[in-house]
file structure-v8.tsv (TSV, N, CA, C and O atoms)
chain	number	residue	atom	x	y	z
H	70	ASP	N	25.92	-2.73	55.00
H	70	ASP	CA	26.21	-1.33	54.76
H	70	ASP	C	25.71	-0.91	53.39
H	70	ASP	O	25.45	-1.74	52.52
H	71	GLN	N	25.61	0.38	53.16
H	71	GLN	CA	25.01	0.90	51.93
H	71	GLN	C	25.84	0.56	50.69
H	71	GLN	O	25.27	0.26	49.63
H	72	THR	N	27.16	0.59	50.82
H	72	THR	CA	28.01	0.30	49.67
H	72	THR	C	27.79	-1.13	49.20
H	72	THR	O	27.66	-1.39	48.00
H	73	THR	N	27.72	-2.06	50.12
H	73	THR	CA	27.48	-3.47	49.77
H	73	THR	C	26.11	-3.63	49.11
H	73	THR	O	25.97	-4.34	48.12
H	74	THR	N	25.10	-2.95	49.65
H	74	THR	CA	23.76	-3.02	49.08
H	74	THR	C	23.74	-2.50	47.65
H	74	THR	O	23.19	-3.15	46.75
H	75	VAL	N	24.35	-1.35	47.42
H	75	VAL	CA	24.40	-0.77	46.07
H	75	VAL	C	25.15	-1.71	45.13
H	75	VAL	O	24.71	-1.97	44.00
H	76	ARG	N	26.27	-2.22	45.58
H	76	ARG	CA	27.06	-3.14	44.75
H	76	ARG	C	26.24	-4.38	44.38
H	76	ARG	O	26.27	-4.83	43.22
H	77	ASN	N	25.49	-4.92	45.34
H	77	ASN	CA	24.66	-6.09	45.07
H	77	ASN	C	23.54	-5.78	44.07
H	77	ASN	O	23.23	-6.60	43.21
H	78	ILE	N	22.94	-4.61	44.19
H	78	ILE	CA	21.89	-4.21	43.25
H	78	ILE	C	22.48	-4.10	41.84
H	78	ILE	O	21.91	-4.62	40.87
H	79	VAL	N	23.61	-3.44	41.71
H	79	VAL	CA	24.25	-3.27	40.40
H	79	VAL	C	24.60	-4.63	39.80
H	79	VAL	O	24.31	-4.90	38.62
H	80	THR	N	25.19	-5.51	40.59
H	80	THR	CA	25.56	-6.84	40.10
H	80	THR	C	24.33	-7.62	39.64
H	80	THR	O	24.34	-8.25	38.58
H	81	THR	N	23.26	-7.58	40.42
H	81	THR	CA	22.03	-8.28	40.06
H	81	THR	C	21.46	-7.75	38.75
H	81	THR	O	21.05	-8.52	37.87
H	82	ILE	N	21.43	-6.43	38.60
H	82	ILE	CA	20.91	-5.84	37.35
H	82	ILE	C	21.81	-6.21	36.18
H	82	ILE	O	21.33	-6.61	35.11
H	83	GLN	N	23.11	-6.13	36.35
H	83	GLN	CA	24.04	-6.46	35.27
H	83	GLN	C	23.90	-7.92	34.83
H	83	GLN	O	23.96	-8.22	33.64
H	84	GLN	N	23.71	-8.82	35.79
H	84	GLN	CA	23.63	-10.24	35.47
H	84	GLN	C	22.27	-10.66	34.93
H	84	GLN	O	22.19	-11.50	34.04
H	85	ASN	N	21.19	-10.09	35.47
H	85	ASN	CA	19.85	-10.57	35.15
H	85	ASN	C	19.04	-9.66	34.23
H	85	ASN	O	18.11	-10.13	33.57
H	86	PHE	N	19.37	-8.39	34.20
H	86	PHE	CA	18.61	-7.41	33.42
H	86	PHE	C	19.55	-6.44	32.70
H	86	PHE	O	19.43	-5.23	32.83
H	87	PRO	N	20.51	-6.96	31.93
H	87	PRO	CA	21.56	-6.10	31.39
H	87	PRO	C	21.08	-5.06	30.38
H	87	PRO	O	21.76	-4.03	30.20
H	88	THR	N	19.94	-5.27	29.74
H	88	THR	CA	19.48	-4.30	28.75
H	88	THR	C	18.14	-3.67	29.11
H	88	THR	O	17.67	-2.79	28.38
H	89	GLN	N	17.53	-4.09	30.20
H	89	GLN	CA	16.23	-3.54	30.57
H	89	GLN	C	16.38	-2.14	31.16
H	89	GLN	O	17.35	-1.82	31.83
H	90	ILE	N	15.34	-1.34	30.93
H	90	ILE	CA	15.26	-0.02	31.54
H	90	ILE	C	14.95	-0.19	33.02
H	90	ILE	O	14.14	-1.04	33.41
H	91	VAL	N	15.60	0.61	33.86
H	91	VAL	CA	15.44	0.52	35.31
H	91	VAL	C	14.98	1.87	35.85
H	91	VAL	O	15.64	2.89	35.63
H	92	GLY	N	13.85	1.86	36.54
H	92	GLY	CA	13.34	3.06	37.17
H	92	GLY	C	13.70	3.12	38.65
H	92	GLY	O	13.70	2.10	39.33
H	93	ILE	N	14.03	4.30	39.11
H	93	ILE	CA	14.31	4.53	40.53
H	93	ILE	C	13.20	5.44	41.02
H	93	ILE	O	13.14	6.62	40.65
H	94	GLU	N	12.30	4.89	41.83
H	94	GLU	CA	11.12	5.62	42.28
H	94	GLU	C	11.24	5.92	43.77
H	94	GLU	O	11.34	5.00	44.58
H	95	ALA	N	11.24	7.20	44.11
H	95	ALA	CA	11.36	7.61	45.51
H	95	ALA	C	9.98	8.03	46.03
H	95	ALA	O	9.23	8.71	45.33
H	96	HIS	N	9.67	7.61	47.25
H	96	HIS	CA	8.37	7.86	47.87
H	96	HIS	C	8.57	8.47	49.26
H	96	HIS	O	9.54	8.18	49.94
H	97	TRP	N	7.59	9.25	49.69
H	97	TRP	CA	7.61	9.86	51.02
H	97	TRP	C	6.30	9.54	51.71
H	97	TRP	O	5.32	9.15	51.08
H	98	ASP	N	6.26	9.72	53.01
H	98	ASP	CA	5.08	9.31	53.78
H	98	ASP	C	4.12	10.44	54.12
H	98	ASP	O	3.14	10.23	54.80
H	99	GLY	N	4.37	11.64	53.67
H	99	GLY	CA	3.46	12.75	53.95
H	99	GLY	C	3.80	13.55	55.19
H	99	GLY	O	3.14	14.54	55.49
H	100	THR	N	4.84	13.16	55.92
H	100	THR	CA	5.27	13.89	57.10
H	100	THR	C	5.69	15.31	56.71
H	100	THR	O	6.33	15.51	55.68
H	101	GLN	N	5.33	16.27	57.53
H	101	GLN	CA	5.72	17.67	57.30
H	101	GLN	C	7.23	17.78	57.23
H	101	GLN	O	7.94	17.18	58.02
H	102	LEU	N	7.72	18.53	56.27
H	102	LEU	CA	9.15	18.71	56.09
H	102	LEU	C	9.61	20.03	56.71
H	102	LEU	O	8.84	20.96	56.86
H	103	ASN	N	10.91	20.08	57.03
H	103	ASN	CA	11.49	21.28	57.60
H	103	ASN	C	12.71	21.64	56.77
H	103	ASN	O	13.64	20.85	56.74
H	104	PRO	N	12.77	22.71	56.05
H	104	PRO	CA	11.80	23.80	56.07
H	104	PRO	C	10.53	23.43	55.31
H	104	PRO	O	10.57	22.67	54.35
H	105	PRO	N	9.42	24.00	55.71
H	105	PRO	CA	8.14	23.67	55.07
H	105	PRO	C	8.05	24.12	53.62
H	105	PRO	O	7.13	23.74	52.92
H	106	THR	N	9.01	24.91	53.16
H	106	THR	CA	9.01	25.34	51.76
H	106	THR	C	9.50	24.23	50.83
H	106	THR	O	9.35	24.34	49.62
H	107	THR	N	10.09	23.18	51.39
H	107	THR	CA	10.51	22.03	50.60
H	107	THR	C	9.31	21.13	50.39
H	107	THR	O	8.63	20.77	51.35
H	108	SER	N	9.06	20.76	49.15
H	108	SER	CA	7.91	19.89	48.89
H	108	SER	C	8.33	18.42	48.95
H	108	SER	O	9.52	18.09	48.83
H	109	HIS	N	7.36	17.55	49.10
H	109	HIS	CA	7.62	16.11	49.10
H	109	HIS	C	8.22	15.69	47.76
H	109	HIS	O	9.07	14.81	47.70
H	110	HIS	N	7.80	16.33	46.69
H	110	HIS	CA	8.34	15.99	45.38
H	110	HIS	C	9.79	16.45	45.24
H	110	HIS	O	10.60	15.75	44.64
H	111	GLN	N	10.13	17.58	45.81
H	111	GLN	CA	11.53	18.02	45.78
H	111	GLN	C	12.40	17.05	46.55
H	111	GLN	O	13.49	16.69	46.10
H	112	LEU	N	11.93	16.64	47.72
H	112	LEU	CA	12.70	15.70	48.54
H	112	LEU	C	12.90	14.38	47.80
H	112	LEU	O	14.02	13.87	47.70
H	113	THR	N	11.82	13.82	47.26
H	113	THR	CA	11.95	12.51	46.61
H	113	THR	C	12.73	12.60	45.30
H	113	THR	O	13.40	11.64	44.92
H	114	ALA	N	12.69	13.74	44.63
H	114	ALA	CA	13.51	13.92	43.42
H	114	ALA	C	14.99	13.86	43.79
H	114	ALA	O	15.80	13.21	43.11
H	115	THR	N	15.34	14.52	44.88
H	115	THR	CA	16.73	14.51	45.35
H	115	THR	C	17.15	13.11	45.78
H	115	THR	O	18.26	12.66	45.47
H	116	GLN	N	16.28	12.39	46.47
H	116	GLN	CA	16.60	11.03	46.91
H	116	GLN	C	16.79	10.10	45.71
H	116	GLN	O	17.75	9.31	45.67
H	117	ALA	N	15.88	10.16	44.74
H	117	ALA	CA	15.99	9.30	43.56
H	117	ALA	C	17.27	9.60	42.79
H	117	ALA	O	17.96	8.68	42.32
H	118	LEU	N	17.60	10.87	42.66
H	118	LEU	CA	18.81	11.25	41.94
H	118	LEU	C	20.07	10.76	42.66
H	118	LEU	O	21.04	10.35	42.02
H	119	ALA	N	20.06	10.78	43.98
H	119	ALA	CA	21.21	10.28	44.75
H	119	ALA	C	21.41	8.79	44.48
H	119	ALA	O	22.55	8.33	44.30
H	120	VAL	N	20.33	8.02	44.43
H	120	VAL	CA	20.44	6.59	44.13
H	120	VAL	C	20.91	6.40	42.69
H	120	VAL	O	21.78	5.57	42.41
H	121	PHE	N	20.34	7.16	41.76
H	121	PHE	CA	20.77	7.13	40.36
H	121	PHE	C	22.29	7.31	40.27
H	121	PHE	O	23.00	6.53	39.62
H	122	ASN	N	22.81	8.34	40.93
H	122	ASN	CA	24.24	8.63	40.87
H	122	ASN	C	25.08	7.49	41.44
H	122	ASN	O	26.14	7.17	40.88
H	123	ARG	N	24.63	6.88	42.50
H	123	ARG	CA	25.38	5.75	43.09
H	123	ARG	C	25.37	4.54	42.17
H	123	ARG	O	26.39	3.87	42.00
H	124	LEU	N	24.23	4.24	41.53
H	124	LEU	CA	24.17	3.11	40.61
H	124	LEU	C	25.08	3.32	39.41
H	124	LEU	O	25.76	2.39	38.96
H	125	VAL	N	25.13	4.55	38.90
H	125	VAL	CA	26.04	4.87	37.80
H	125	VAL	C	27.49	4.77	38.27
H	125	VAL	O	28.35	4.21	37.58
H	126	GLN	N	27.76	5.28	39.45
H	126	GLN	CA	29.11	5.22	40.02
H	126	GLN	C	29.61	3.78	40.12
H	126	GLN	O	30.78	3.50	39.89
H	127	PHE	N	28.71	2.84	40.41
H	127	PHE	CA	29.08	1.44	40.56
H	127	PHE	C	28.96	0.64	39.27
H	127	PHE	O	29.09	-0.57	39.28
H	128	GLY	N	28.68	1.31	38.14
H	128	GLY	CA	28.82	0.62	36.87
H	128	GLY	C	27.62	0.51	35.96
H	128	GLY	O	27.75	-0.02	34.86
H	129	LEU	N	26.45	0.97	36.35
H	129	LEU	CA	25.32	0.91	35.43
H	129	LEU	C	25.37	2.10	34.49
H	129	LEU	O	25.69	3.22	34.90
H	130	PRO	N	25.03	1.91	33.21
H	130	PRO	CA	25.02	3.04	32.29
H	130	PRO	C	23.86	3.98	32.58
H	130	PRO	O	22.74	3.52	32.85
H	131	ASN	N	24.12	5.27	32.55
H	131	ASN	CA	23.05	6.20	32.89
H	131	ASN	C	21.89	6.13	31.90
H	131	ASN	O	20.77	6.47	32.24
H	132	GLU	N	22.14	5.64	30.66
H	132	GLU	CA	21.06	5.49	29.69
H	132	GLU	C	20.06	4.42	30.11
H	132	GLU	O	18.94	4.38	29.60
H	133	GLN	N	20.46	3.53	30.99
H	133	GLN	CA	19.59	2.44	31.43
H	133	GLN	C	18.63	2.90	32.53
H	133	GLN	O	17.61	2.27	32.76
H	134	LEU	N	18.91	4.00	33.17
H	134	LEU	CA	18.20	4.42	34.37
H	134	LEU	C	17.36	5.67	34.15
H	134	LEU	O	17.68	6.51	33.32
H	135	PHE	N	16.29	5.77	34.93
H	135	PHE	CA	15.55	7.03	35.02
H	135	PHE	C	15.01	7.15	36.44
H	135	PHE	O	14.95	6.17	37.19
H	136	THR	N	14.65	8.36	36.83
H	136	THR	CA	14.16	8.60	38.19
H	136	THR	C	12.73	9.12	38.15
H	136	THR	O	12.30	9.74	37.18
H	137	MET	N	12.03	8.85	39.25
H	137	MET	CA	10.67	9.38	39.43
H	137	MET	C	10.53	9.85	40.88
H	137	MET	O	10.86	9.11	41.80
H	138	ALA	N	10.05	11.06	41.04
H	138	ALA	CA	9.77	11.61	42.37
H	138	ALA	C	8.28	11.47	42.61
H	138	ALA	O	7.48	12.19	42.03
H	139	MET	N	7.91	10.54	43.46
H	139	MET	CA	6.51	10.25	43.70
H	139	MET	C	5.92	11.08	44.83
H	139	MET	O	4.71	11.09	45.02
H	140	GLY	N	6.77	11.75	45.60
H	140	GLY	CA	6.27	12.49	46.76
H	140	GLY	C	5.53	11.54	47.69
H	140	GLY	O	5.95	10.42	47.93
H	141	SER	N	4.40	11.99	48.19
H	141	SER	CA	3.59	11.13	49.07
H	141	SER	C	2.33	10.65	48.36
H	141	SER	O	1.35	10.28	48.99
H	142	ASN	N	2.37	10.63	47.03
H	142	ASN	CA	1.18	10.31	46.23
H	142	ASN	C	0.79	8.83	46.22
H	142	ASN	O	-0.35	8.51	45.94
H	143	ARG	N	1.71	7.94	46.44
H	143	ARG	CA	1.41	6.51	46.33
H	143	ARG	C	1.83	5.74	47.57
H	143	ARG	O	2.76	4.94	47.53
H	144	PRO	N	1.12	5.95	48.66
H	144	PRO	CA	1.49	5.23	49.90
H	144	PRO	C	1.19	3.74	49.78
H	144	PRO	O	0.27	3.33	49.09
H	145	ARG	N	2.00	2.95	50.46
H	145	ARG	CA	1.75	1.50	50.56
H	145	ARG	C	0.68	1.22	51.60
H	145	ARG	O	-0.07	0.27	51.48
H	146	GLN	N	0.71	1.99	52.66
H	146	GLN	CA	-0.18	1.77	53.80
H	146	GLN	C	-0.78	3.10	54.22
H	146	GLN	O	-0.25	4.16	53.90
H	147	ALA	N	-1.84	3.01	55.01
H	147	ALA	CA	-2.40	4.21	55.62
H	147	ALA	C	-1.36	4.78	56.58
H	147	ALA	O	-0.55	4.03	57.14
H	148	PRO	N	-1.36	6.10	56.79
H	148	PRO	CA	-0.41	6.68	57.74
H	148	PRO	C	-0.53	6.02	59.11
H	148	PRO	O	-1.62	5.73	59.57
H	149	SER	N	0.61	5.80	59.73
H	149	SER	CA	0.65	5.13	61.03
H	149	SER	C	0.91	6.15	62.13
H	149	SER	O	1.66	7.10	61.94
H	150	THR	N	0.28	5.93	63.27
H	150	THR	CA	0.53	6.80	64.42
H	150	THR	C	1.60	6.23	65.32
H	150	THR	O	2.00	6.86	66.29
H	151	GLN	N	2.09	5.03	65.03
H	151	GLN	CA	3.12	4.41	65.85
H	151	GLN	C	4.49	4.98	65.48
H	151	GLN	O	4.67	5.52	64.39
H	152	GLY	N	5.44	4.84	66.39
H	152	GLY	CA	6.78	5.34	66.16
H	152	GLY	C	7.49	4.58	65.06
H	152	GLY	O	7.02	3.59	64.55
H	153	GLY	N	8.66	5.08	64.68
H	153	GLY	CA	9.44	4.44	63.63
H	153	GLY	C	9.21	5.08	62.28
H	153	GLY	O	8.37	5.95	62.11
H	154	ILE	N	9.98	4.63	61.32
H	154	ILE	CA	9.89	5.18	59.97
H	154	ILE	C	8.80	4.43	59.21
H	154	ILE	O	8.74	3.21	59.21
H	155	SER	N	7.97	5.16	58.58
H	155	SER	CA	6.85	4.62	57.82
H	155	SER	C	7.34	3.79	56.63
H	155	SER	O	8.31	4.17	55.96
H	156	PRO	N	6.67	2.68	56.31
H	156	PRO	CA	7.00	1.93	55.09
H	156	PRO	C	6.69	2.73	53.83
H	156	PRO	O	7.07	2.33	52.74
H	157	ASN	N	6.00	3.86	53.99
H	157	ASN	CA	5.72	4.71	52.84
H	157	ASN	C	6.94	5.53	52.42
H	157	ASN	O	6.97	6.07	51.34
H	158	ARG	N	7.97	5.59	53.28
H	158	ARG	CA	9.24	6.22	52.92
H	158	ARG	C	10.09	5.12	52.30
H	158	ARG	O	10.54	4.21	53.01
H	159	ARG	N	10.33	5.23	50.99
H	159	ARG	CA	11.06	4.14	50.37
H	159	ARG	C	11.61	4.57	49.01
H	159	ARG	O	11.16	5.52	48.42
H	160	ILE	N	12.57	3.78	48.56
H	160	ILE	CA	13.08	3.87	47.20
H	160	ILE	C	12.79	2.50	46.57
H	160	ILE	O	13.15	1.47	47.14
H	161	GLU	N	12.13	2.50	45.43
H	161	GLU	CA	11.84	1.26	44.72
H	161	GLU	C	12.64	1.23	43.43
H	161	GLU	O	12.68	2.22	42.69
H	162	ILE	N	13.27	0.09	43.17
H	162	ILE	CA	13.96	-0.15	41.91
H	162	ILE	C	13.02	-1.00	41.07
H	162	ILE	O	12.63	-2.09	41.47
H	163	VAL	N	12.60	-0.47	39.92
H	163	VAL	CA	11.61	-1.13	39.08
H	163	VAL	C	12.26	-1.50	37.74
H	163	VAL	O	12.82	-0.63	37.07
H	164	ILE	N	12.20	-2.79	37.39
H	164	ILE	CA	12.75	-3.27	36.14
H	164	ILE	C	11.64	-3.29	35.09
H	164	ILE	O	10.60	-3.92	35.31
H	165	TYR	N	11.85	-2.61	33.98
H	165	TYR	CA	10.87	-2.56	32.90
H	165	TYR	C	11.27	-3.56	31.81
H	165	TYR	O	12.47	-3.82	31.63
H	166	PRO	N	10.32	-4.09	31.08
H	166	PRO	CA	10.66	-5.09	30.04
H	166	PRO	C	11.36	-4.48	28.83
H	166	PRO	O	12.07	-5.18	28.11
H	167	GLU	N	11.19	-3.18	28.61
H	167	GLU	CA	11.78	-2.53	27.45
H	167	GLU	C	13.31	-2.44	27.59
H	167	GLU	O	13.83	-2.29	28.68
H	168	SER	N	13.98	-2.48	26.45
H	168	SER	CA	15.42	-2.36	26.41
H	168	SER	C	15.84	-0.92	26.21
H	168	SER	O	15.20	-0.19	25.43
H	169	PHE	N	16.88	-0.51	26.85
H	169	PHE	CA	17.40	0.84	26.64
H	169	PHE	C	18.31	0.90	25.43
H	169	PHE	O	18.71	1.96	25.00
H	170	LYS	N	18.58	-0.26	24.85
H	170	LYS	CA	19.48	-0.32	23.67
H	170	LYS	C	18.70	-0.24	22.37
H	170	LYS	O	19.26	-0.38	21.30
H	171	GLY	N	17.37	-0.08	22.46
H	171	GLY	CA	16.58	0.13	21.27
H	171	GLY	C	16.17	-1.11	20.50
H	171	GLY	O	15.68	-1.01	19.40
H	172	SER	N	16.35	-2.29	21.07
H	172	SER	CA	15.91	-3.49	20.35
H	172	SER	C	15.24	-4.45	21.28
H	172	SER	O	15.26	-4.33	22.45

call {"tool": "encode", "arguments": {"input": "structure-v8.tsv", "output": "structure tokens"}}
result
Amino acid sequence: DQTTTVRNIVTTIQQNFPTQIVGIEAHWDGTQLNPPTTSHHQLTATQALAVFNRLVQFGLPNEQLFTMAMGSNRPRQAPSTQGGISPNRRIEIVIYPESFKGS
């Protein structure tokens, strides 16, 4: 379930990367959105922020985290015509070597 997944991510970051900066990067696959006035960047910004809020809720300091809305700009694979959700729809947690504590 999602709560267990979030808890495991927070625990892993706290134990292994307690001072590193963590990026939350949301990606979309280019599928037309409804309403069409919503952009892929708006959607992925909202998704990344939702993950940010959950990670903070489960104990990570908000100073450690940042979000990026990638829209459909960085696909992993070419668009697929087969059914199912594209691997290009994803949230990536990226650990940076820099410390958020300034040292």

call {"tool": "closest_residue", "arguments": {"input": "structure-v8.tsv", "among": "H:Pro87, H:Gly92, H:Gly99, H:Pro166", "to": "Arg145 (chain H)", "atoms": "only C-alpha atoms"}}
result
H:Gly99

call {"tool": "atom_distance", "arguments": {"input": "structure-v8.tsv", "atom1": "CA of Gly171 (chain H)", "atom2": "CA of Glu94 (chain H)"}}
result
22.4 Å

call {"tool": "atom_distance", "arguments": {"input": "structure-v8.tsv", "atom1": "CA of Phe169 (chain H)", "atom2": "CA of Ala138 (chain H)"}}
result
20.5 Å

call {"tool": "select_by_dssp", "arguments": {"input": "structure-v8.tsv", "residues": "region 80-155 of chain H", "states": "strand (DSSP E or B)", "output": "ChimeraX atom specification"}}
result
/H:89-96,134-138

call {"tool": "atom_distance", "arguments": {"input": "structure-v8.tsv", "atom1": "atom C of Ser141 (chain H)", "atom2": "atom N of Thr81 (chain H)"}}
result
28.9 Å

call {"tool": "closest_residue", "arguments": {"input": "structure-v8.tsv", "among": "H:Thr73, H:Asn131, H:Asn157, H:Gln116", "to": "Arg143 (chain H)", "atoms": "all atoms listed in the file"}}
result
H:Asn157

call {"tool": "residues_around", "arguments": {"input": "structure-v8.tsv", "residues": "Phe86 (chain H)", "least_positions_apart": "4", "cutoff": "8 Å", "atoms": "all atoms listed in the file", "output": "list in words"}}
result
Val79, Thr80, Thr81, Ile82, Ile90, Val91, Gln133, Ile164, Tyr165 and Glu167 of chain H

call {"tool": "closest_residue", "arguments": {"input": "structure-v8.tsv", "among": "H:Arg76, H:His109, H:Arg159, H:Lys170", "to": "Arg123 (chain H)", "atoms": "only C-alpha atoms"}}
result
H:Arg76

call {"tool": "closest_residue", "arguments": {"input": "structure-v8.tsv", "among": "H:Ser168, H:Thr107, H:Thr136, H:Thr74", "to": "Ala95 (chain H)", "atoms": "only C-alpha atoms"}}
result
H:Thr136

call {"tool": "select_by_dssp", "arguments": {"input": "structure-v8.tsv", "residues": "chain H", "states": "helix (DSSP H, G or I)", "output": "JSON, numbers by chain"}}
result
{"H": [71, 72, 73, 74, 75, 76, 77, 78, 79, 80, 81, 82, 83, 84, 85, 109, 110, 111, 112, 113, 114, 115, 116, 117, 118, 119, 120, 121, 122, 123, 124, 125, 126, 131, 132, 133]}

call {"tool": "residues_around", "arguments": {"input": "structure-v8.tsv", "residues": "Pro144 (chain H)", "least_positions_apart": "3", "cutoff": "8 Å", "atoms": "all atoms listed in the file", "output": "ChimeraX atom specification"}}
result
/H:96-99,139-141,147-148,156-158

call {"tool": "closest_residue", "arguments": {"input": "structure-v8.tsv", "among": "H:Leu102, H:Leu112, H:Val75, H:Ile160", "to": "Gly128 (chain H)", "atoms": "all atoms listed in the file"}}
result
H:Val75

call {"tool": "closest_residue", "arguments": {"input": "structure-v8.tsv", "among": "H:Phe135, H:Thr113, H:Asn142, H:Phe127", "to": "Ile78 (chain H)", "atoms": "only N, CA, C and O atoms"}}
result
H:Phe127

call {"tool": "decode", "arguments": {"input": "structure-v8.tsv", "residues": "region 155-163 of chain H", "atoms": "all heavy atoms", "output": "CSV table (one decimal), in the first residue's frame"}}
result
chain,number,residue,atom,x,y,z
H,155,SER,N,2.0,3.8,-19.3
H,155,SER,CA,3.4,4.0,-19.8
H,155,SER,C,4.4,4.1,-18.7
H,155,SER,O,4.2,4.8,-17.7
H,155,SER,CB,3.4,5.3,-20.7
H,155,SER,OG,4.7,5.6,-21.0
H,156,PRO,N,5.6,3.5,-18.9
H,156,PRO,CA,6.7,3.7,-17.9
H,156,PRO,C,7.2,5.2,-17.9
H,156,PRO,O,8.0,5.6,-17.0
H,156,PRO,CB,7.8,2.8,-18.4
H,156,PRO,CG,7.5,2.5,-19.8
H,156,PRO,CD,6.0,2.6,-20.0
H,157,ASN,N,6.7,6.0,-18.8
H,157,ASN,CA,7.1,7.4,-18.9
H,157,ASN,C,6.3,8.2,-17.8
H,157,ASN,O,6.6,9.3,-17.5
H,157,ASN,CB,6.9,8.0,-20.2
H,157,ASN,CG,7.9,7.4,-21.2
H,157,ASN,OD1,9.0,7.1,-20.9
H,157,ASN,ND2,7.4,7.2,-22.5
H,158,ARG,N,5.2,7.6,-17.3
H,158,ARG,CA,4.5,8.2,-16.2
H,158,ARG,C,5.1,7.7,-14.9
H,158,ARG,O,5.0,6.5,-14.5
H,158,ARG,CB,3.0,7.8,-16.1
H,158,ARG,CG,2.2,8.3,-17.3
H,158,ARG,CD,0.8,7.9,-17.1
H,158,ARG,NE,0.0,8.0,-18.3
H,158,ARG,CZ,-1.3,7.7,-18.4
H,158,ARG,NH1,-2.0,7.3,-17.3
H,158,ARG,NH2,-1.9,7.9,-19.5
H,159,ARG,N,5.8,8.6,-14.2
H,159,ARG,CA,6.5,8.2,-13.0
H,159,ARG,C,6.9,9.3,-12.1
H,159,ARG,O,6.9,10.5,-12.5
H,159,ARG,CB,7.8,7.4,-13.4
H,159,ARG,CG,8.8,8.3,-14.1
H,159,ARG,CD,9.9,7.5,-14.9
H,159,ARG,NE,10.9,8.3,-15.4
H,159,ARG,CZ,10.9,9.0,-16.6
H,159,ARG,NH1,9.8,9.0,-17.3
H,159,ARG,NH2,11.9,9.8,-17.0
H,160,ILE,N,7.2,9.0,-10.9
H,160,ILE,CA,7.8,9.9,-9.9
H,160,ILE,C,9.2,9.3,-9.6
H,160,ILE,O,9.3,8.1,-9.2
H,160,ILE,CB,7.0,10.0,-8.6
H,160,ILE,CG1,5.6,10.4,-8.9
H,160,ILE,CG2,7.7,10.9,-7.6
H,160,ILE,CD1,5.4,11.8,-9.3
H,161,GLU,N,10.2,10.1,-9.7
H,161,GLU,CA,11.6,9.6,-9.4
H,161,GLU,C,12.1,10.4,-8.1
H,161,GLU,O,11.9,11.6,-8.1
H,161,GLU,CB,12.5,9.8,-10.5
H,161,GLU,CG,12.2,9.0,-11.7
H,161,GLU,CD,13.2,9.2,-12.9
H,161,GLU,OE1,14.0,10.1,-12.8
H,161,GLU,OE2,13.0,8.4,-13.9
H,162,ILE,N,12.6,9.6,-7.2
H,162,ILE,CA,13.3,10.2,-6.0
H,162,ILE,C,14.8,10.2,-6.3
H,162,ILE,O,15.4,9.1,-6.5
H,162,ILE,CB,13.0,9.4,-4.8
H,162,ILE,CG1,11.5,9.2,-4.5
H,162,ILE,CG2,13.7,10.0,-3.5
H,162,ILE,CD1,10.7,10.5,-4.3
H,163,VAL,N,15.4,11.4,-6.4
H,163,VAL,CA,16.8,11.5,-6.7
H,163,VAL,C,17.6,12.0,-5.5
H,163,VAL,O,17.2,13.1,-5.0
H,163,VAL,CB,17.0,12.4,-7.9
H,163,VAL,CG1,18.4,12.5,-8.3
H,163,VAL,CG2,16.1,11.9,-9.1
